Amino acid sequence: MNLVKKIGLCTVALMLAMSFVSPVEAQDKEIELKKIAAEQHRAPFGGPGIGAGIGAGLVIIGAAFGFGRIGGSALESMARQPETAGRVQTAMIIIGALLEGATFFALIICIQLAGKA
């Protein structure tokens, strides 16, 4: 019976030691895997850089569409009522400046996202 108790105690001690050692080894492996993943994400065309490029492209497309609509509507308005051309032109310039400011703000955000890649 004494031998059975010793084997049981050794088994319990081994199980306790393994329960403390395995999380530490897992943390080391997890840190190594994170380092490897971080090195792989430093590719020039990967991660947030792709999203930032797509976002910048969508911003430019939206701004071009907005400027086209502003210009087209202003010219149509001036053609219908030439006496209001001065006021329409002033409003068109103000709206264009606001649209340009929003476009630059969106592009800066996209550039900052690309910098974090």
# chains A, B, ... in the order shown; residues from 1 in each chain; ligands from 1

call {"tool": "residues_around", "arguments": {"residues": "range 92-97 of chain A", "least_positions_apart": "2", "cutoff": "12 Å", "atoms": "only C-alpha atoms", "output": "tab-separated table (two decimals) with N, CA and C atoms, in the first residue's frame"}}
result
chain	number	residue	atom	x	y	z
A	63	ALA	N	-15.82	63.33	-53.87
A	63	ALA	CA	-15.57	64.76	-54.05
A	63	ALA	C	-15.76	65.17	-55.51
A	64	ALA	N	-15.27	64.34	-56.42
A	64	ALA	CA	-15.44	64.65	-57.85
A	64	ALA	C	-16.92	64.68	-58.23
A	65	PHE	N	-17.68	63.74	-57.70
A	65	PHE	CA	-19.12	63.72	-57.96
A	65	PHE	C	-19.79	64.98	-57.40
A	66	GLY	N	-19.39	65.36	-56.18
A	66	GLY	CA	-19.96	66.57	-55.56
A	66	GLY	C	-19.62	67.83	-56.32
A	67	PHE	N	-18.36	67.98	-56.75
A	67	PHE	CA	-17.97	69.16	-57.51
A	67	PHE	C	-18.70	69.21	-58.85
A	68	GLY	N	-18.88	68.05	-59.48
A	68	GLY	CA	-19.62	68.01	-60.74
A	68	GLY	C	-21.07	68.44	-60.57
A	69	ARG	N	-21.68	67.99	-59.48
A	69	ARG	CA	-23.07	68.37	-59.23
A	69	ARG	C	-23.19	69.87	-58.93
A	70	ILE	N	-22.24	70.39	-58.15
A	70	ILE	CA	-22.26	71.82	-57.83
A	70	ILE	C	-22.13	72.64	-59.11
A	71	GLY	N	-21.12	72.30	-59.92
A	71	GLY	CA	-20.89	73.06	-61.16
A	71	GLY	C	-22.05	72.96	-62.13
A	72	GLY	N	-22.58	71.75	-62.30
A	72	GLY	CA	-23.69	71.56	-63.23
A	72	GLY	C	-24.93	72.31	-62.79
A	73	SER	N	-25.25	72.24	-61.50
A	73	SER	CA	-26.44	72.94	-61.01
A	73	SER	C	-26.27	74.46	-61.08
A	74	ALA	N	-25.06	74.93	-60.79
A	74	ALA	CA	-24.82	76.37	-60.86
A	74	ALA	C	-24.94	76.88	-62.29
A	75	LEU	N	-24.36	76.16	-63.24
A	75	LEU	CA	-24.47	76.59	-64.64
A	75	LEU	C	-25.90	76.54	-65.14
A	77	SER	N	-28.56	76.95	-63.28
A	77	SER	CA	-29.25	78.07	-62.64
A	77	SER	C	-28.91	79.40	-63.31
A	78	MET	N	-27.64	79.57	-63.65
A	78	MET	CA	-27.23	80.81	-64.32
A	78	MET	C	-27.82	80.91	-65.73
A	85	ALA	N	-26.50	85.42	-61.55
A	85	ALA	CA	-25.22	84.72	-61.75
A	85	ALA	C	-24.21	85.05	-60.66
A	86	GLY	N	-24.15	86.29	-60.21
A	86	GLY	CA	-23.18	86.68	-59.18
A	86	GLY	C	-23.43	85.97	-57.86
A	87	ARG	N	-24.69	85.92	-57.44
A	87	ARG	CA	-25.01	85.25	-56.17
A	87	ARG	C	-24.81	83.74	-56.27
A	88	VAL	N	-25.18	83.17	-57.41
A	88	VAL	CA	-25.02	81.73	-57.58
A	88	VAL	C	-23.54	81.36	-57.59
A	89	GLN	N	-22.73	82.19	-58.25
A	89	GLN	CA	-21.30	81.92	-58.30
A	89	GLN	C	-20.67	82.01	-56.91
A	90	THR	N	-21.09	82.98	-56.11
A	90	THR	CA	-20.57	83.11	-54.75
A	90	THR	C	-20.96	81.90	-53.91
A	99	LEU	N	-16.79	71.60	-49.36
A	99	LEU	CA	-16.60	70.24	-49.85
A	99	LEU	C	-15.12	69.88	-49.90
A	100	GLU	N	-14.31	70.81	-50.32
A	100	GLU	CA	-12.86	70.56	-50.37
A	100	GLU	C	-12.29	70.35	-48.97
A	101	GLY	N	-12.76	71.11	-47.99
A	101	GLY	CA	-12.30	70.92	-46.62
A	101	GLY	C	-12.67	69.56	-46.07
A	102	ALA	N	-13.90	69.12	-46.34
A	102	ALA	CA	-14.32	67.79	-45.89
A	102	ALA	C	-13.51	66.70	-46.58
A	103	THR	N	-13.19	66.92	-47.86
A	103	THR	CA	-12.39	65.94	-48.60
A	103	THR	C	-10.98	65.84	-48.02
A	104	PHE	N	-10.36	66.96	-47.74
A	104	PHE	CA	-9.02	66.94	-47.14
A	104	PHE	C	-9.03	66.27	-45.78

call {"tool": "atom_distance", "arguments": {"atom1": "CA of Ile111 in chain A", "atom2": "CA of Gly62 in chain A"}}
result
16.9 Å

call {"tool": "closest_residue", "arguments": {"among": "A:Ala91, A:Thr84, A:Lys35, A:Leu58", "to": "Ala106 in chain A", "atoms": "only C-alpha atoms"}}
result
A:Leu58

call {"tool": "atom_distance", "arguments": {"atom1": "CA of Ala114 in chain A", "atom2": "CA of Ile61 in chain A"}}
result
18.7 Å
